[in-house]
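Let me begin by presenting the structure, written as structure tokens, before commenting on it.
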Amino acid sequence: MKYDCIIIGGGAAGLAAAVFLGQAAVRQGVRRSVLLLEKGPRVGKKLLATGNGTCNLTNIHAAGVHYHGASALAEKALKALTPQASMAFFEQIGVDCRVRPDGKVYPYSEQAGAVLDALRLEAEALGTDIRCDHKVDSLRPTRDGWQVTVDTQTLTARQVLVAVGGAAAPSLGGSADGYRLLTDLGCKKAPLFPSIVQLRTATDYVRAVKGIRVDAGVTLRLDGRPVAQAEGEVLFTEYGLSGPAVMGISRPAADWERQKKGTLTAHLDLLPEWTQEQVEARLHQRSGLAGRTLEDLFTGLLHKRVGQTVLRVAEVLPLTRPADSLSAKECRQAAMVVKNWALPVTGTQGFGGAQVTAGGIAGDEVEAATMALRRHPGLYVAGEVLDVDGDCGGFNLQFAWSSAYMAASSIAGNW
Ligand SMILES: Cc1cc2nc3c(=O)[nH]c(=O)nc-3n(C[C@H](O)[C@H](O)[C@H](O)COP(=O)(O)OP(=O)(O)OC[C@H]3O[C@@H](n4cnc5c(N)ncnc54)[C@H](O)[C@@H]3O)c2cc1C
């Protein structure tokens with residue numbers, strides 16, 4: 001049997017494309033055979049892990065400025081399916097959406113499973129044949145379509161959509177399969193590196209505070225020049241820094257890691273709403289509290305262990321000293337570390353810890369208005385396998401939906 005369309009990959013983009021194709025067939029009043037091939041035992045494994053299981057499915061501020069790599073592809077796709085249209089789409093298939101004040105959008109139930117179920121059930125109801133444990137090994141053009149090989153089985157289709165995702169998070173299905181499938185056909189790819197990923201730093205002091213979360217400002221500096229800045233939750237870990245604020249600005253660190261040119265440092269501001277003078281004055285005042293040692297100097301202002309670590313970094317020691325022995329110079333030293341704790345960055349946690357892949361199939365291989373590969377009629381690409389990565393905050397799923405919509409519209413337009 002020759003399928004009208006084979007979708008390779010049952011993740012965000014592949015499942016959404018299946019629904020868009022099914023809906024297009026209904027609108028056109030035709031029956032079309034659509035087969036979705038997923039290499040894992042179930043579809044949507046990565047989708048289930050998004051937003052820590054709550055699925056930040058889009059962001060109402062999605063625009064080109066939040067995308068990197070071939071961002072022009074994202075801009076074009078976002079015009080075809082906007083965040084508002086994505087929310088309407090999800091509401092239509094049973095997922096009511098709530099917009100948070102910062103623009104992030106989640107299902108009301110805050111369950112990624114709801115998004116996955118809605119997509120899978122709708123795709124099946126519209127007649128998509130979903131086959132799991134089907135890993136596509138190769139793609140070959142035929143006279144009037146494409147040959148798709150799974151193990152020893154050869155399937156054929158008039159049109160094929162490659163939606164196999166990127167290399168990030170291999171434990172959730174991330175792999176280099178898509179790059180290989182398409183570079184085997186002569187497609188160029190931009191260098192891959194992880195993004196939205198944890199940072200490895202010098203660990204002399206952070207290990208002492210591992211497991212503690214703080215609200216902080218974080219700035220990445222390359223040879224002293226700021227390259228990224230954020231404010232929010234920072235998590236100290238065994239290897240360095242994690243948490244949304246750090247992951248959100250990690251892209252330049254991963255880019256630096258693959259080139260290793262210059263010195264990269266992460267600067268923490270542990271009291272972003274205070275000036276250094278205010279911190280200094282408060283430390284001076286706190287040093288007068290009766291019966292305290294330096295161990296307790298920060299207690300009630302910072303997490304106790306973080307405060308003690310600040311004093312160690314500032315070399316205000318020993319901590320067993322009475323607090324009232326603190327000199328003005330030592331107050332300044334400690335306040336400087338509170339406002340600007342510099343940690344040399346040594347790298348990232350790699351694709352294993354990353355949420356997305358930067359780089360991928362080059363933007364100029366793709367016709368932006370259709371997501372069709374320029375040199376391969378009948379072959380389309382959507383989602384993270386492309387050289388498009390978004391900022392943290394719902395932008396990556398939005399690109400998956402928008403690119404899937406464009407590809408599906410083009411495929412259905414050729415039926
Ligand atoms: C922990 C985590 C949290 C995240 N949270 C968010 C969030 O809240 N908001 C957001 O916008 N983004 C988030 N992301 C990013 C987002 O999940 C991805 O950008 C998005 O899923 C990409 O969609 P995709 O369809 O291109 O790829 P995927 O969703 O990865 O789907 C690709 C599918 O293709 C399958 N596949 C691969 N190779 C083959 C093959 N050879 N044959 C057949 N099938 C194959 C894979 O098994 C997979 O199921 C998160 C990512 C991670 C890892």
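If you're wondering about the labels, chains in the structure tokens are A, B, ... by order shown, residues count from 1 in each chain, ligands from 1 in order shown.
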
Can you pull out the residues contacting Leu386 of chain A? Cut-off 9 Å, using only C-alpha atoms, and skip same-chain residues under 6 positions away; I want them as number ranges by chain. A: 69-70, 165-166, 179, 189-190, 358-363

Taking C-alpha atoms for each residue, export the selection above as a PDB file, in the first residue's frame.
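New file part_16.pdb:
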ATOM      1  CA  GLY A  69      19.741  29.699  14.357  1.00  0.00           C
ATOM      2  CA  ALA A  70      17.467  29.881  11.318  1.00  0.00           C
ATOM      3  CA  GLY A 165      13.293  15.904  17.054  1.00  0.00           C
ATOM      4  CA  GLY A 166      16.838  16.711  18.113  1.00  0.00           C
ATOM      5  CA  TYR A 179      20.324  14.543  11.136  1.00  0.00           C
ATOM      6  CA  LYS A 189      23.400  20.887   8.992  1.00  0.00           C
ATOM      7  CA  ALA A 190      24.517  23.642  11.338  1.00  0.00           C
ATOM      8  CA  ALA A 358      20.793  24.288  19.001  1.00  0.00           C
ATOM      9  CA  GLY A 359      21.864  23.781  15.388  1.00  0.00           C
ATOM     10  CA  GLY A 360      20.380  21.166  13.077  1.00  0.00           C
ATOM     11  CA  ILE A 361      19.200  20.924   9.484  1.00  0.00           C
ATOM     12  CA  ALA A 362      20.184  24.223   7.868  1.00  0.00           C
ATOM     13  CA  GLY A 363      17.467  26.798   7.300  1.00  0.00           C
TER      14      GLY A 363
END

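Within segment 238-362 of chain A, DSSP run on the backbone puts these residues in strand (DSSP E): A:Gly240, A:Leu241, A:Ser242, A:Leu264, A:Thr265, A:Ala266, A:His267, A:Leu268, A:Asp269, A:Trp341, A:Ala342, A:Leu343, A:Pro344, A:Val345, A:Thr346, A:Gly347, A:Thr348, A:Val356, A:Thr357, A:Ala358, A:Gly359, A:Gly360, A:Ile361.
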
Write out as a list in words all residues of segment 121-249 of chain A that backbone DSSP assigns to helix (DSSP H, G or I).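 Answer for segment 121-249 of chain A, restricted to helix (DSSP H, G or I): Leu121, Glu122, Ala123, Glu124, Ala125, Pro170, Ser171, Leu172, Asp177, Gly178, Tyr179, Arg180, Leu181, Leu182, Thr183, Val206, Arg207, Ala208, Val209, Pro244, Ala245, Val246, Met247 and Gly248 of chain A.
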
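Residues in contact range of Leu199 of chain A, defined as at most 6 Å between only C-alpha atoms, with sequence neighbours fewer than 2 positions away removed, read A:Gly240, A:Leu241, A:Thr348.
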
Just-selected residues, N, CA and C atoms written as a compact mmCIF listing (two decimals), in the first residue's frame:
# COMPACT_ATOMS: atom_id res chain seq x y z
N GLY A 240 27.72 22.31 39.75
CA GLY A 240 27.68 23.73 39.43
C GLY A 240 26.31 24.34 39.67
N LEU A 241 25.71 24.86 38.60
CA LEU A 241 24.46 25.62 38.74
C LEU A 241 23.37 25.08 37.84
N THR A 348 29.01 22.62 30.18
CA THR A 348 27.58 22.39 30.45
C THR A 348 27.39 20.90 30.75

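Between atom CA of Met87 of chain A and atom CA of Ile130 of chain A the separation is 24.3 Å.
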
Just checking: using only C-alpha atoms and all ligand atoms, which residue out of A:Trp274, A:Phe298, A:Phe399, A:Tyr108 ends up closest to ligand 1?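 Closest candidate: A:Phe399.
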
List every residue of chain A that has an atom at most 7 Å from any atom of ligand 1, giving for each one its closest atom pair and the distance in Å to one decimal, counting only C-alpha atoms and all ligand atoms, sorted by chain and then by ascending residue number, as JSON lines.
{"residue": "A:Ile8", "atom": "CA", "partner": "ligand 1", "partner_atom_place_in_ligand_line": "43 (C)", "distance": 5.2}
{"residue": "A:Gly9", "atom": "CA", "partner": "ligand 1", "partner_atom_place_in_ligand_line": "34 (O)", "distance": 3.3}
{"residue": "A:Gly10", "atom": "CA", "partner": "ligand 1", "partner_atom_place_in_ligand_line": "49 (O)", "distance": 4.5}
{"residue": "A:Gly11", "atom": "CA", "partner": "ligand 1", "partner_atom_place_in_ligand_line": "31 (O)", "distance": 3.1}
{"residue": "A:Ala12", "atom": "CA", "partner": "ligand 1", "partner_atom_place_in_ligand_line": "25 (O)", "distance": 3.8}
{"residue": "A:Ala13", "atom": "CA", "partner": "ligand 1", "partner_atom_place_in_ligand_line": "25 (O)", "distance": 3.7}
{"residue": "A:Gly14", "atom": "CA", "partner": "ligand 1", "partner_atom_place_in_ligand_line": "25 (O)", "distance": 5.5}
{"residue": "A:Leu37", "atom": "CA", "partner": "ligand 1", "partner_atom_place_in_ligand_line": "43 (C)", "distance": 5.3}
{"residue": "A:Glu38", "atom": "CA", "partner": "ligand 1", "partner_atom_place_in_ligand_line": "44 (N)", "distance": 3.8}
{"residue": "A:Lys39", "atom": "CA", "partner": "ligand 1", "partner_atom_place_in_ligand_line": "43 (C)", "distance": 3.9}
{"residue": "A:Gly40", "atom": "CA", "partner": "ligand 1", "partner_atom_place_in_ligand_line": "47 (O)", "distance": 5.0}
{"residue": "A:Val43", "atom": "CA", "partner": "ligand 1", "partner_atom_place_in_ligand_line": "49 (O)", "distance": 5.5}
{"residue": "A:Gly44", "atom": "CA", "partner": "ligand 1", "partner_atom_place_in_ligand_line": "49 (O)", "distance": 5.2}
{"residue": "A:Lys45", "atom": "CA", "partner": "ligand 1", "partner_atom_place_in_ligand_line": "49 (O)", "distance": 6.0}
{"residue": "A:Lys46", "atom": "CA", "partner": "ligand 1", "partner_atom_place_in_ligand_line": "29 (O)", "distance": 5.3}
{"residue": "A:Leu47", "atom": "CA", "partner": "ligand 1", "partner_atom_place_in_ligand_line": "17 (O)", "distance": 5.3}
{"residue": "A:Ala49", "atom": "CA", "partner": "ligand 1", "partner_atom_place_in_ligand_line": "1 (C)", "distance": 5.1}
{"residue": "A:Thr50", "atom": "CA", "partner": "ligand 1", "partner_atom_place_in_ligand_line": "5 (N)", "distance": 3.3}
{"residue": "A:Gly51", "atom": "CA", "partner": "ligand 1", "partner_atom_place_in_ligand_line": "8 (O)", "distance": 3.3}
{"residue": "A:Asn52", "atom": "CA", "partner": "ligand 1", "partner_atom_place_in_ligand_line": "3 (C)", "distance": 6.2}
{"residue": "A:Cys55", "atom": "CA", "partner": "ligand 1", "partner_atom_place_in_ligand_line": "8 (O)", "distance": 4.6}
{"residue": "A:Asn56", "atom": "CA", "partner": "ligand 1", "partner_atom_place_in_ligand_line": "8 (O)", "distance": 3.8}
{"residue": "A:Leu57", "atom": "CA", "partner": "ligand 1", "partner_atom_place_in_ligand_line": "9 (N)", "distance": 5.4}
{"residue": "A:Thr58", "atom": "CA", "partner": "ligand 1", "partner_atom_place_in_ligand_line": "11 (O)", "distance": 5.9}
{"residue": "A:His134", "atom": "CA", "partner": "ligand 1", "partner_atom_place_in_ligand_line": "43 (C)", "distance": 5.8}
{"residue": "A:Lys135", "atom": "CA", "partner": "ligand 1", "partner_atom_place_in_ligand_line": "42 (N)", "distance": 3.7}
{"residue": "A:Val136", "atom": "CA", "partner": "ligand 1", "partner_atom_place_in_ligand_line": "42 (N)", "distance": 3.9}
{"residue": "A:Asp137", "atom": "CA", "partner": "ligand 1", "partner_atom_place_in_ligand_line": "41 (N)", "distance": 5.8}
{"residue": "A:Ala163", "atom": "CA", "partner": "ligand 1", "partner_atom_place_in_ligand_line": "25 (O)", "distance": 5.5}
{"residue": "A:Val164", "atom": "CA", "partner": "ligand 1", "partner_atom_place_in_ligand_line": "34 (O)", "distance": 3.5}
{"residue": "A:Gly165", "atom": "CA", "partner": "ligand 1", "partner_atom_place_in_ligand_line": "27 (O)", "distance": 3.2}
{"residue": "A:Gly166", "atom": "CA", "partner": "ligand 1", "partner_atom_place_in_ligand_line": "30 (O)", "distance": 6.1}
{"residue": "A:Ala168", "atom": "CA", "partner": "ligand 1", "partner_atom_place_in_ligand_line": "53 (C)", "distance": 6.3}
{"residue": "A:Ala169", "atom": "CA", "partner": "ligand 1", "partner_atom_place_in_ligand_line": "53 (C)", "distance": 5.0}
{"residue": "A:Leu172", "atom": "CA", "partner": "ligand 1", "partner_atom_place_in_ligand_line": "53 (C)", "distance": 6.7}
{"residue": "A:Gly173", "atom": "CA", "partner": "ligand 1", "partner_atom_place_in_ligand_line": "47 (O)", "distance": 4.1}
{"residue": "A:Gly174", "atom": "CA", "partner": "ligand 1", "partner_atom_place_in_ligand_line": "30 (O)", "distance": 5.6}
{"residue": "A:Ser175", "atom": "CA", "partner": "ligand 1", "partner_atom_place_in_ligand_line": "37 (C)", "distance": 6.0}
{"residue": "A:Asp177", "atom": "CA", "partner": "ligand 1", "partner_atom_place_in_ligand_line": "41 (N)", "distance": 5.0}
{"residue": "A:Gly178", "atom": "CA", "partner": "ligand 1", "partner_atom_place_in_ligand_line": "38 (N)", "distance": 6.1}
{"residue": "A:Ala354", "atom": "CA", "partner": "ligand 1", "partner_atom_place_in_ligand_line": "53 (C)", "distance": 6.2}
{"residue": "A:Gln355", "atom": "CA", "partner": "ligand 1", "partner_atom_place_in_ligand_line": "53 (C)", "distance": 3.8}
{"residue": "A:Val356", "atom": "CA", "partner": "ligand 1", "partner_atom_place_in_ligand_line": "15 (C)", "distance": 5.4}
{"residue": "A:Ala382", "atom": "CA", "partner": "ligand 1", "partner_atom_place_in_ligand_line": "26 (O)", "distance": 6.4}
{"residue": "A:Gly383", "atom": "CA", "partner": "ligand 1", "partner_atom_place_in_ligand_line": "26 (O)", "distance": 3.4}
{"residue": "A:Glu384", "atom": "CA", "partner": "ligand 1", "partner_atom_place_in_ligand_line": "26 (O)", "distance": 3.9}
{"residue": "A:Val385", "atom": "CA", "partner": "ligand 1", "partner_atom_place_in_ligand_line": "26 (O)", "distance": 5.9}
{"residue": "A:Cys392", "atom": "CA", "partner": "ligand 1", "partner_atom_place_in_ligand_line": "10 (C)", "distance": 6.8}
{"residue": "A:Gly393", "atom": "CA", "partner": "ligand 1", "partner_atom_place_in_ligand_line": "9 (N)", "distance": 5.7}
{"residue": "A:Gly394", "atom": "CA", "partner": "ligand 1", "partner_atom_place_in_ligand_line": "11 (O)", "distance": 3.2}
{"residue": "A:Phe395", "atom": "CA", "partner": "ligand 1", "partner_atom_place_in_ligand_line": "11 (O)", "distance": 4.6}
{"residue": "A:Asn396", "atom": "CA", "partner": "ligand 1", "partner_atom_place_in_ligand_line": "11 (O)", "distance": 3.8}
{"residue": "A:Leu397", "atom": "CA", "partner": "ligand 1", "partner_atom_place_in_ligand_line": "11 (O)", "distance": 3.6}
{"residue": "A:Gln398", "atom": "CA", "partner": "ligand 1", "partner_atom_place_in_ligand_line": "11 (O)", "distance": 6.1}
{"residue": "A:Ala400", "atom": "CA", "partner": "ligand 1", "partner_atom_place_in_ligand_line": "23 (O)", "distance": 5.2}

Using only C-alpha atoms, the residue out of A:Leu222, A:Val337, A:Ala253, A:Leu270 with shortest distance to Leu235 of chain A is A:Leu270

Would you mind telling me which residue in A:Ala407, A:Arg258, A:Trp341, A:Ala328 lies nearest to Ala314 of chain A when using only C-alpha atoms?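 Using only C-alpha atoms, the shortest distance to Ala314 of chain A belongs to A:Trp341.
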